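Data from structure.txt: compact mmCIF, C-alpha atoms
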# COMPACT_ATOMS: atom_id res chain seq x y z
CA MET A 1 25.80 -12.14 37.18
CA ASN A 2 23.06 -11.69 34.63
CA GLN A 3 23.31 -13.51 31.30
CA ILE A 4 21.68 -11.37 28.61
CA LYS A 5 21.33 -11.34 24.85
CA THR A 6 21.90 -8.10 22.93
CA LEU A 7 20.70 -7.54 19.37
CA PHE A 8 21.80 -4.77 17.00
CA PHE A 9 19.82 -3.51 14.03
CA ALA A 10 20.37 -1.27 11.01
CA THR A 11 23.21 1.27 11.42
CA LEU A 12 24.22 -0.22 14.78
CA ARG A 13 24.60 -3.71 13.37
CA ASP A 14 26.65 -2.44 10.42
CA ARG A 15 28.86 -0.45 12.77
CA ALA A 16 29.28 -3.16 15.44
CA GLY A 17 29.80 -5.82 12.77
CA VAL A 18 27.59 -8.34 14.65
CA LYS A 19 23.87 -9.11 14.77
CA SER A 20 23.82 -10.30 18.35
CA VAL A 21 26.05 -10.98 21.30
CA GLU A 22 25.62 -12.87 24.60
CA LEU A 23 26.98 -10.93 27.56
CA GLU A 24 27.32 -11.33 31.30
CA ILE A 25 26.50 -8.15 33.18
CA PRO A 26 26.13 -7.34 36.88
CA LEU A 27 22.71 -7.89 38.44
CA GLN A 28 20.56 -4.74 38.81
CA MET A 29 22.52 -2.85 36.15
CA ASN A 30 20.59 0.01 34.55
CA VAL A 31 20.42 0.86 30.85
CA ALA A 32 22.70 3.91 31.13
CA ASP A 33 25.50 1.82 32.69
CA PHE A 34 24.89 -0.91 30.13
CA LYS A 35 25.38 1.60 27.29
CA THR A 36 28.71 2.64 28.86
CA LEU A 37 29.75 -1.01 29.04
CA LEU A 38 28.79 -1.56 25.40
CA ILE A 39 30.83 1.43 24.23
CA GLU A 40 33.87 0.00 26.01
CA LYS A 41 33.33 -3.24 24.11
CA TYR A 42 32.35 -1.59 20.80
CA PRO A 43 34.01 1.87 20.67
CA VAL A 44 32.68 2.31 17.11
CA LEU A 45 29.19 2.76 18.59
CA SER A 46 30.14 5.80 20.68
CA GLY A 47 28.99 8.35 18.09
CA LEU A 48 25.61 6.67 17.68
CA ILE A 49 24.62 5.75 21.22
CA ASN A 50 23.00 9.09 22.10
CA HIS A 51 20.30 8.72 19.48
CA THR A 52 19.87 4.99 19.85
CA LEU A 53 16.59 3.46 21.00
CA VAL A 54 16.73 0.58 23.45
CA SER A 55 14.19 -2.16 24.06
CA ILE A 56 14.07 -4.92 26.65
CA ASN A 57 11.89 -7.93 25.93
CA HIS A 58 10.15 -5.99 23.11
CA GLU A 59 9.29 -2.85 25.12
CA TYR A 60 11.01 0.53 24.89
CA VAL A 61 13.17 1.32 27.93
CA PHE A 62 15.13 4.32 29.19
CA ASP A 63 18.41 5.07 30.96
CA GLU A 64 17.09 4.44 34.47
CA THR A 65 15.45 1.09 33.65
CA ILE A 66 16.96 -1.85 35.57
CA ILE A 67 17.80 -4.76 33.28
CA PRO A 68 15.90 -7.90 34.31
CA GLU A 69 17.56 -11.32 34.38
CA ARG A 70 18.03 -13.09 31.06
CA ALA A 71 16.78 -10.04 29.17
CA GLU A 72 16.72 -9.70 25.40
CA ILE A 73 18.01 -6.18 24.78
CA ALA A 74 17.91 -4.54 21.36
CA LEU A 75 19.63 -1.35 20.19
CA PHE A 76 18.55 0.44 17.05
CA PRO A 77 18.12 3.87 15.43
CA PRO A 78 14.76 5.69 15.36
CA VAL A 79 12.48 3.57 13.17
CA SER A 80 11.89 4.21 9.46
CA GLY A 81 9.34 1.65 8.30
CA GLY A 82 6.34 2.09 6.07
CA MET B 1 -20.33 -9.77 20.99
CA THR B 2 -18.68 -9.90 17.57
CA THR B 3 -14.94 -10.45 17.49
CA TYR B 4 -13.46 -8.17 14.89
CA PRO B 5 -10.53 -9.40 12.79
CA THR B 6 -7.11 -7.89 13.45
CA ILE B 7 -4.23 -8.86 11.19
CA PHE B 8 -0.66 -7.76 11.84
CA SER B 9 2.47 -9.20 10.32
CA ILE B 10 5.94 -8.72 8.92
CA THR B 11 6.37 -10.66 5.70
CA GLU B 12 8.87 -11.22 2.91
CA ASP B 13 6.05 -12.13 0.53
CA GLU B 14 4.28 -9.91 -1.98
CA LEU B 15 1.37 -7.99 -0.41
CA ASP B 16 -1.96 -9.34 -1.63
CA LEU B 17 -4.16 -6.27 -1.11
CA ASN B 18 -7.37 -7.96 -2.24
CA HIS B 19 -6.89 -10.94 0.02
CA LEU B 20 -6.13 -8.72 3.04
CA LEU B 21 -9.20 -6.62 2.38
CA GLU B 22 -11.35 -9.72 2.11
CA GLN B 23 -10.10 -10.92 5.52
CA ILE B 24 -11.27 -7.73 7.27
CA THR B 25 -14.60 -7.39 5.49
CA LEU B 26 -17.62 -8.57 7.53
CA SER B 27 -21.25 -8.77 6.50
CA SER B 28 -21.76 -5.51 8.46
CA THR B 29 -18.89 -3.72 6.65
CA GLY B 30 -19.76 -0.99 4.15
CA ALA B 31 -16.55 1.03 4.04
CA SER B 32 -12.83 0.56 4.04
CA ALA B 33 -9.92 2.99 4.08
CA ILE B 34 -6.79 1.43 2.67
CA PHE B 35 -3.40 3.07 2.84
CA THR B 36 -0.58 1.48 0.94
CA GLY B 37 2.91 2.87 0.51
CA MET B 38 5.31 1.86 -2.24
CA VAL B 39 8.97 2.37 -3.10
CA ARG B 40 9.38 5.72 -4.86
CA GLY B 41 11.98 5.64 -7.62
CA THR B 42 12.15 9.40 -8.23
CA THR B 43 11.91 11.86 -5.35
CA SER B 44 11.25 15.50 -6.30
CA ARG B 45 10.43 17.03 -2.91
CA ASP B 46 13.00 18.29 -0.34
CA ASN B 47 16.15 16.46 -1.40
CA PRO B 48 15.54 15.33 -5.02
CA HIS B 49 17.19 11.98 -5.81
CA GLU B 50 16.80 8.62 -7.50
CA THR B 51 16.32 5.32 -5.67
CA VAL B 52 17.44 2.00 -7.15
CA TYR B 53 15.92 -0.09 -4.35
CA LEU B 54 15.18 -0.11 -0.62
CA GLU B 55 16.26 -2.88 1.69
CA TYR B 56 13.92 -3.28 4.68
CA GLU B 57 14.70 -5.10 7.89
CA ALA B 58 12.63 -5.63 11.02
CA TYR B 59 13.00 -6.79 14.61
CA LYS B 60 10.18 -9.15 13.88
CA PRO B 61 8.79 -10.21 17.28
CA MET B 62 8.85 -6.65 18.63
CA ALA B 63 7.55 -5.21 15.34
CA GLU B 64 4.55 -7.53 15.40
CA ALA B 65 3.90 -6.73 19.09
CA LYS B 66 4.00 -2.99 18.30
CA MET B 67 1.69 -3.45 15.28
CA LYS B 68 -0.78 -5.13 17.62
CA GLN B 69 -0.39 -2.11 19.93
CA VAL B 70 -1.13 0.27 17.02
CA ALA B 71 -4.29 -1.73 16.24
CA ASP B 72 -5.32 -1.58 19.92
CA GLU B 73 -4.77 2.19 19.94
CA ILE B 74 -6.94 2.56 16.82
CA ARG B 75 -9.75 0.63 18.53
CA GLU B 76 -9.46 2.78 21.68
CA ARG B 77 -9.86 5.93 19.58
CA TRP B 78 -12.50 4.81 17.07
CA ASP B 79 -14.95 2.27 18.46
CA THR B 80 -16.63 2.16 15.03
CA ILE B 81 -13.74 0.27 13.44
CA GLU B 82 -14.49 -3.34 12.51
CA GLY B 83 -11.43 -4.96 10.90
CA ILE B 84 -7.81 -3.81 10.92
CA ALA B 85 -4.93 -5.09 8.79
CA ILE B 86 -1.35 -3.88 9.23
CA VAL B 87 1.23 -5.67 7.10
CA GLN B 88 4.81 -4.60 6.40
CA ARG B 89 6.81 -6.26 3.67
CA ILE B 90 10.60 -6.49 4.22
CA GLY B 91 13.59 -7.45 2.07
CA LYS B 92 14.93 -5.87 -1.10
CA LEU B 93 12.12 -3.90 -2.76
CA TYR B 94 12.22 -2.00 -6.04
CA PRO B 95 10.36 1.16 -7.15
CA ARG B 96 6.58 0.79 -7.65
CA THR B 97 6.43 -2.16 -5.21
CA PRO B 98 3.93 -1.87 -2.33
CA THR B 99 5.78 -2.14 0.99
CA ILE B 100 3.09 -1.46 3.59
CA LEU B 101 -0.64 -1.88 3.90
CA ILE B 102 -2.83 -0.40 6.60
CA ALA B 103 -6.54 -0.94 6.14
CA CYS B 104 -9.48 -0.30 8.45
CA THR B 105 -13.08 -1.28 7.84
CA ALA B 106 -16.33 0.08 9.29
CA ALA B 107 -20.05 0.06 8.60
CA HIS B 108 -20.03 3.50 6.95
CA ARG B 109 -17.50 5.97 5.58
CA ASP B 110 -18.39 8.76 8.06
CA THR B 111 -17.25 6.75 11.09
CA GLY B 112 -13.67 7.99 11.30
CA VAL B 113 -12.41 5.15 9.13
CA PHE B 114 -10.16 7.46 7.04
CA ASP B 115 -8.65 9.01 10.18
CA ALA B 116 -8.12 5.57 11.70
CA ALA B 117 -6.05 4.37 8.74
CA ARG B 118 -4.09 7.64 8.76
CA TYR B 119 -3.39 7.23 12.47
CA GLY B 120 -2.23 3.67 11.81
CA ILE B 121 0.43 4.58 9.26
CA ASP B 122 1.61 7.62 11.24
CA ARG B 123 1.94 5.55 14.42
CA LEU B 124 3.67 2.67 12.63
CA LYS B 125 6.34 5.12 11.50
CA GLU B 126 6.88 6.15 15.14
CA ILE B 127 7.03 2.92 17.13
CA VAL B 128 7.25 -0.21 14.95
CA PRO B 129 10.90 -1.34 14.70
CA VAL B 130 11.46 -1.53 10.95
CA TRP B 131 14.27 0.22 9.07
CA LYS B 132 15.13 0.75 5.44
CA LYS B 133 18.43 1.21 3.71
CA GLU B 134 18.19 3.30 0.58
CA VAL B 135 20.38 2.26 -2.34
CA GLY B 136 20.87 4.88 -5.05
CA PRO B 137 23.08 5.26 -8.12
CA ASN B 138 25.90 6.68 -5.97
CA GLY B 139 25.81 4.60 -2.81
CA GLU B 140 23.68 3.50 0.10
CA GLU B 141 22.40 5.02 3.31
CA TRP B 142 20.19 3.96 6.22
CA VAL B 143 17.06 6.08 6.47
CA GLU B 144 16.51 7.21 10.06
CA GLY B 145 13.27 8.28 11.65
CA ASP B 146 13.00 11.21 14.03
CA TYR B 147 10.66 9.93 16.74
CA ASN B 148 11.77 8.98 20.26
CA PRO B 149 9.18 6.76 21.97
CA GLN B 150 8.32 7.67 25.56
CA LEU B 151 7.78 5.39 28.55
CA GLY B 152 4.82 3.09 27.93
CA GLU B 153 4.94 3.40 24.14
Would you kindly transcribe this structure into structure tokens?
Amino acid sequence: MNQIKTLFFATLRDRAGVKSVELEIPLQMNVADFKTLLIEKYPVLSGLINHTLVSINHEYVFDETIIPERAEIALFPPVSGG
Amino acid sequence: MTTYPTIFSITEDELDLNHLLEQITLSSTGASAIFTGMVRGTTSRDNPHETVYLEYEAYKPMAEAKMKQVADEIRERWDTIEGIAIVQRIGKLYPRTPTILIACTAAHRDTGVFDAARYGIDRLKEIVPVWKKEVGPNGEEWVEGDYNPQLGE
């Protein structure tokens, strides 16, 4: 199993009710399957997940990306800084 | 070869525009384009409304890495740029308060320095993970961007 840390920001953090969570996921899981797993754990995120950005270790990733071991994953809405 | 100063940070402190400009001014510098954005209390365009304050948050380590990337992209596009400063203030910020500074320096004003600063703020709003929650007289709402970064961004 792969021990990973997941962070939520902005709308996703408010909705999930947590800033971060440590999870064990299968090795070689991709981001699309990880999103499915997260929605099972946090059904309140289901309406948001399709326009959520995902990063792994501070780089943007996409559905087909394989999650490396001990990754730091972050989920957040499109950015609105400035 | 001269090493040009590049400053990028997320801070909760007040932005000191003069100090930042001083840090990116070399003896060869003759021009600077400075963009700074502030909290707007009254919005007239599009959806007119009042803002009491904005609350900014950042994913700090990734935000600083992406600010560095924006600075690198500026240097790839304009080899005339000397210093670059990109600083985002976060926390609870009230109208008229500067929230962001992007400044580029160069030897002369006709070197692309204006375009470089413009590119910097536009790019920051696409890829740097910072968000703001807008609090108005009748409630609060997260402001969402509309850009989806592609692979390698």
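Using only C-alpha atoms, every residue with an atom at most 7 Å from the point (-22.9, -1.1, 6.9) is listed here: B:Ser28, B:Thr29, B:Gly30, B:Ala107, B:His108.
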When the cut-off is 8 Å and we count only C-alpha atoms, which residues of chain B are near chain A, given as a compact mmCIF listing (two decimals) with C-alpha atoms, in the frame of the given file?
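Below is the file that was written, result38.txt:
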# COMPACT_ATOMS: atom_id res chain seq x y z
CA GLY B 37 2.91 2.87 0.51
CA TYR B 56 13.92 -3.28 4.68
CA GLU B 57 14.70 -5.10 7.89
CA TYR B 59 13.00 -6.79 14.61
CA PRO B 61 8.79 -10.21 17.28
CA MET B 62 8.85 -6.65 18.63
CA ALA B 65 3.90 -6.73 19.09
CA GLN B 88 4.81 -4.60 6.40
CA THR B 99 5.78 -2.14 0.99
CA ILE B 100 3.09 -1.46 3.59
CA ILE B 121 0.43 4.58 9.26
CA LEU B 124 3.67 2.67 12.63
CA LYS B 125 6.34 5.12 11.50
CA GLU B 126 6.88 6.15 15.14
CA ILE B 127 7.03 2.92 17.13
CA VAL B 128 7.25 -0.21 14.95
CA PRO B 129 10.90 -1.34 14.70
CA VAL B 130 11.46 -1.53 10.95
CA TRP B 131 14.27 0.22 9.07
CA LYS B 132 15.13 0.75 5.44
CA LYS B 133 18.43 1.21 3.71
CA TRP B 142 20.19 3.96 6.22
CA VAL B 143 17.06 6.08 6.47
CA GLU B 144 16.51 7.21 10.06
CA GLY B 145 13.27 8.28 11.65
CA ASP B 146 13.00 11.21 14.03
CA TYR B 147 10.66 9.93 16.74
CA ASN B 148 11.77 8.98 20.26
CA PRO B 149 9.18 6.76 21.97
CA GLN B 150 8.32 7.67 25.56
CA LEU B 151 7.78 5.39 28.55
CA GLY B 152 4.82 3.09 27.93
CA GLU B 153 4.94 3.40 24.14
From the list A:Pro43, A:Thr36, A:Ile67, A:Glu24, which residue is nearest A:Leu12 when using all atoms listed in the file? A:Pro43
Show me the residues around (22.4, -11.6, 22.0) - criterion: an atom at most 7 Å away, all atoms listed in the file counted - as a PDB file with C-alpha atoms, in the coordinates of the input.
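Final output, saved to out_38.pdb:
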ATOM      1  CA  ILE A   4      21.680 -11.370  28.610  1.00  0.00           C
ATOM      2  CA  LYS A   5      21.330 -11.340  24.850  1.00  0.00           C
ATOM      3  CA  THR A   6      21.900  -8.100  22.930  1.00  0.00           C
ATOM      4  CA  LEU A   7      20.700  -7.540  19.370  1.00  0.00           C
ATOM      5  CA  SER A  20      23.820 -10.300  18.350  1.00  0.00           C
ATOM      6  CA  VAL A  21      26.050 -10.980  21.300  1.00  0.00           C
ATOM      7  CA  GLU A  22      25.620 -12.870  24.600  1.00  0.00           C
ATOM      8  CA  GLU A  72      16.720  -9.700  25.400  1.00  0.00           C
TER       9      GLU A  72
END
Give the answer as one residue: which of B:Gly41, B:Gly83, B:Gly120, B:Gly112 has the shortest atom-to-atom distance to B:Val135, using all atoms listed in the file? B:Gly41
For the atom pair atom CA of B:Asp13 and atom CA of B:Leu54, what is the interatomic distance in Å to one decimal place? 15.1 Å
Please report the interatomic distance between atom CA of B:Ala103 and atom CA of B:Tyr4 in Å with one decimal. 13.3 Å
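Atom CA of B:Met67 lies 13.5 Å from atom CA of B:Cys104.
With all atoms listed in the file as the atoms that count, the residue of B:Glu55, B:Glu82, B:Glu50, B:Glu73 with the shortest distance to B:Asn138 is B:Glu50.
Excluding B:Thr36 itself and any same-chain residue fewer than 5 positions from it, the protein and nucleic acid residues within 7 Å of it, counting all atoms listed in the file, are Pro98, Ile100, Leu101 and Ile102 of chain B.
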Would you mind exporting stretch 47-148 of chain B with C-alpha atoms, as a compact mmCIF listing (two decimals), in the first residue's frame?
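The result, written out as out.txt:
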# COMPACT_ATOMS: atom_id res chain seq x y z
CA ASN B 47 -21.75 42.34 -11.57
CA PRO B 48 -21.80 45.56 -9.47
CA HIS B 49 -21.35 44.89 -5.74
CA GLU B 50 -19.66 46.00 -2.54
CA THR B 51 -16.79 44.14 -0.86
CA VAL B 52 -16.19 44.32 2.90
CA TYR B 53 -12.94 42.34 2.76
CA LEU B 54 -11.17 39.51 0.93
CA GLU B 55 -9.63 36.55 2.70
CA TYR B 56 -6.69 35.08 0.77
CA GLU B 57 -5.19 31.66 1.27
CA ALA B 58 -2.33 29.91 -0.49
CA TYR B 59 -0.78 26.47 -0.85
CA LYS B 60 2.47 28.10 0.08
CA PRO B 61 5.22 25.70 -1.07
CA MET B 62 3.55 25.08 -4.42
CA ALA B 63 2.63 28.76 -4.83
CA GLU B 64 6.24 29.82 -4.33
CA ALA B 65 7.46 27.11 -6.75
CA LYS B 66 4.96 28.33 -9.38
CA MET B 67 5.98 31.98 -8.81
CA LYS B 68 9.56 30.92 -9.52
CA GLN B 69 8.26 29.23 -12.69
CA VAL B 70 6.50 32.47 -13.75
CA ALA B 71 9.77 34.37 -13.23
CA ASP B 72 11.64 31.75 -15.31
CA GLU B 73 9.05 32.06 -18.08
CA ILE B 74 9.46 35.86 -18.07
CA ARG B 75 13.23 35.47 -18.48
CA GLU B 76 12.78 32.97 -21.34
CA ARG B 77 10.58 35.47 -23.18
CA TRP B 78 12.40 38.74 -22.44
CA ASP B 79 16.16 38.34 -22.07
CA THR B 80 16.38 42.08 -21.34
CA ILE B 81 14.80 41.73 -17.90
CA GLU B 82 17.14 42.32 -14.98
CA GLY B 83 15.28 41.93 -11.67
CA ILE B 84 11.91 40.32 -10.99
CA ALA B 85 9.80 40.53 -7.82
CA ILE B 86 6.56 38.59 -7.38
CA VAL B 87 4.98 38.86 -3.94
CA GLN B 88 1.46 37.86 -2.92
CA ARG B 89 0.04 38.96 0.40
CA ILE B 90 -2.49 36.59 2.05
CA GLY B 91 -4.87 36.81 5.01
CA LYS B 92 -7.81 39.11 5.62
CA LEU B 93 -7.37 42.23 3.47
CA TYR B 94 -9.60 45.30 3.32
CA PRO B 95 -10.40 47.67 0.42
CA ARG B 96 -7.51 49.89 -0.77
CA THR B 97 -4.91 47.40 0.55
CA PRO B 98 -2.28 46.21 -1.97
CA THR B 99 -2.44 42.41 -2.27
CA ILE B 100 0.02 41.62 -5.06
CA LEU B 101 3.16 43.13 -6.51
CA ILE B 102 4.81 42.12 -9.76
CA ALA B 103 7.76 44.25 -10.79
CA CYS B 104 10.32 43.82 -13.54
CA THR B 105 13.40 45.95 -14.10
CA ALA B 106 15.51 46.52 -17.23
CA ALA B 107 18.09 48.94 -18.59
CA HIS B 108 15.55 50.89 -20.66
CA ARG B 109 11.78 51.21 -20.96
CA ASP B 110 11.63 49.98 -24.58
CA THR B 111 12.92 46.50 -23.69
CA GLY B 112 9.58 44.76 -23.17
CA VAL B 113 9.58 45.55 -19.47
CA PHE B 114 5.89 46.60 -19.48
CA ASP B 115 4.87 43.42 -21.31
CA ALA B 116 6.96 41.30 -18.94
CA ALA B 117 5.14 42.63 -15.86
CA ARG B 118 1.79 42.17 -17.61
CA TYR B 119 2.70 38.59 -18.48
CA GLY B 120 3.68 38.02 -14.85
CA ILE B 121 0.34 39.04 -13.36
CA ASP B 122 -1.67 37.24 -16.07
CA ARG B 123 0.31 34.03 -15.55
CA LEU B 124 0.10 34.25 -11.76
CA LYS B 125 -3.68 34.31 -12.07
CA GLU B 126 -3.51 31.09 -14.12
CA ILE B 127 -1.11 28.79 -12.28
CA VAL B 128 -0.16 30.05 -8.80
CA PRO B 129 -2.33 28.28 -6.17
CA VAL B 130 -3.84 31.20 -4.26
CA TRP B 131 -7.56 31.71 -3.65
CA LYS B 132 -9.68 34.47 -2.23
CA LYS B 133 -12.98 34.42 -0.42
CA GLU B 134 -15.02 37.54 -0.94
CA VAL B 135 -17.00 38.80 2.05
CA GLY B 136 -19.75 41.30 1.27
CA PRO B 137 -22.61 42.90 3.18
CA ASN B 138 -24.85 39.90 2.43
CA GLY B 139 -22.57 36.91 2.78
CA GLU B 140 -19.40 35.29 1.54
CA GLU B 141 -18.29 33.40 -1.54
CA TRP B 142 -15.08 31.83 -2.86
CA VAL B 143 -13.88 33.50 -6.04
CA GLU B 144 -12.97 30.87 -8.64
CA GLY B 145 -10.65 31.27 -11.57
CA ASP B 146 -11.38 29.84 -15.00
CA TYR B 147 -8.02 28.45 -16.11
CA ASN B 148 -7.16 24.75 -16.29
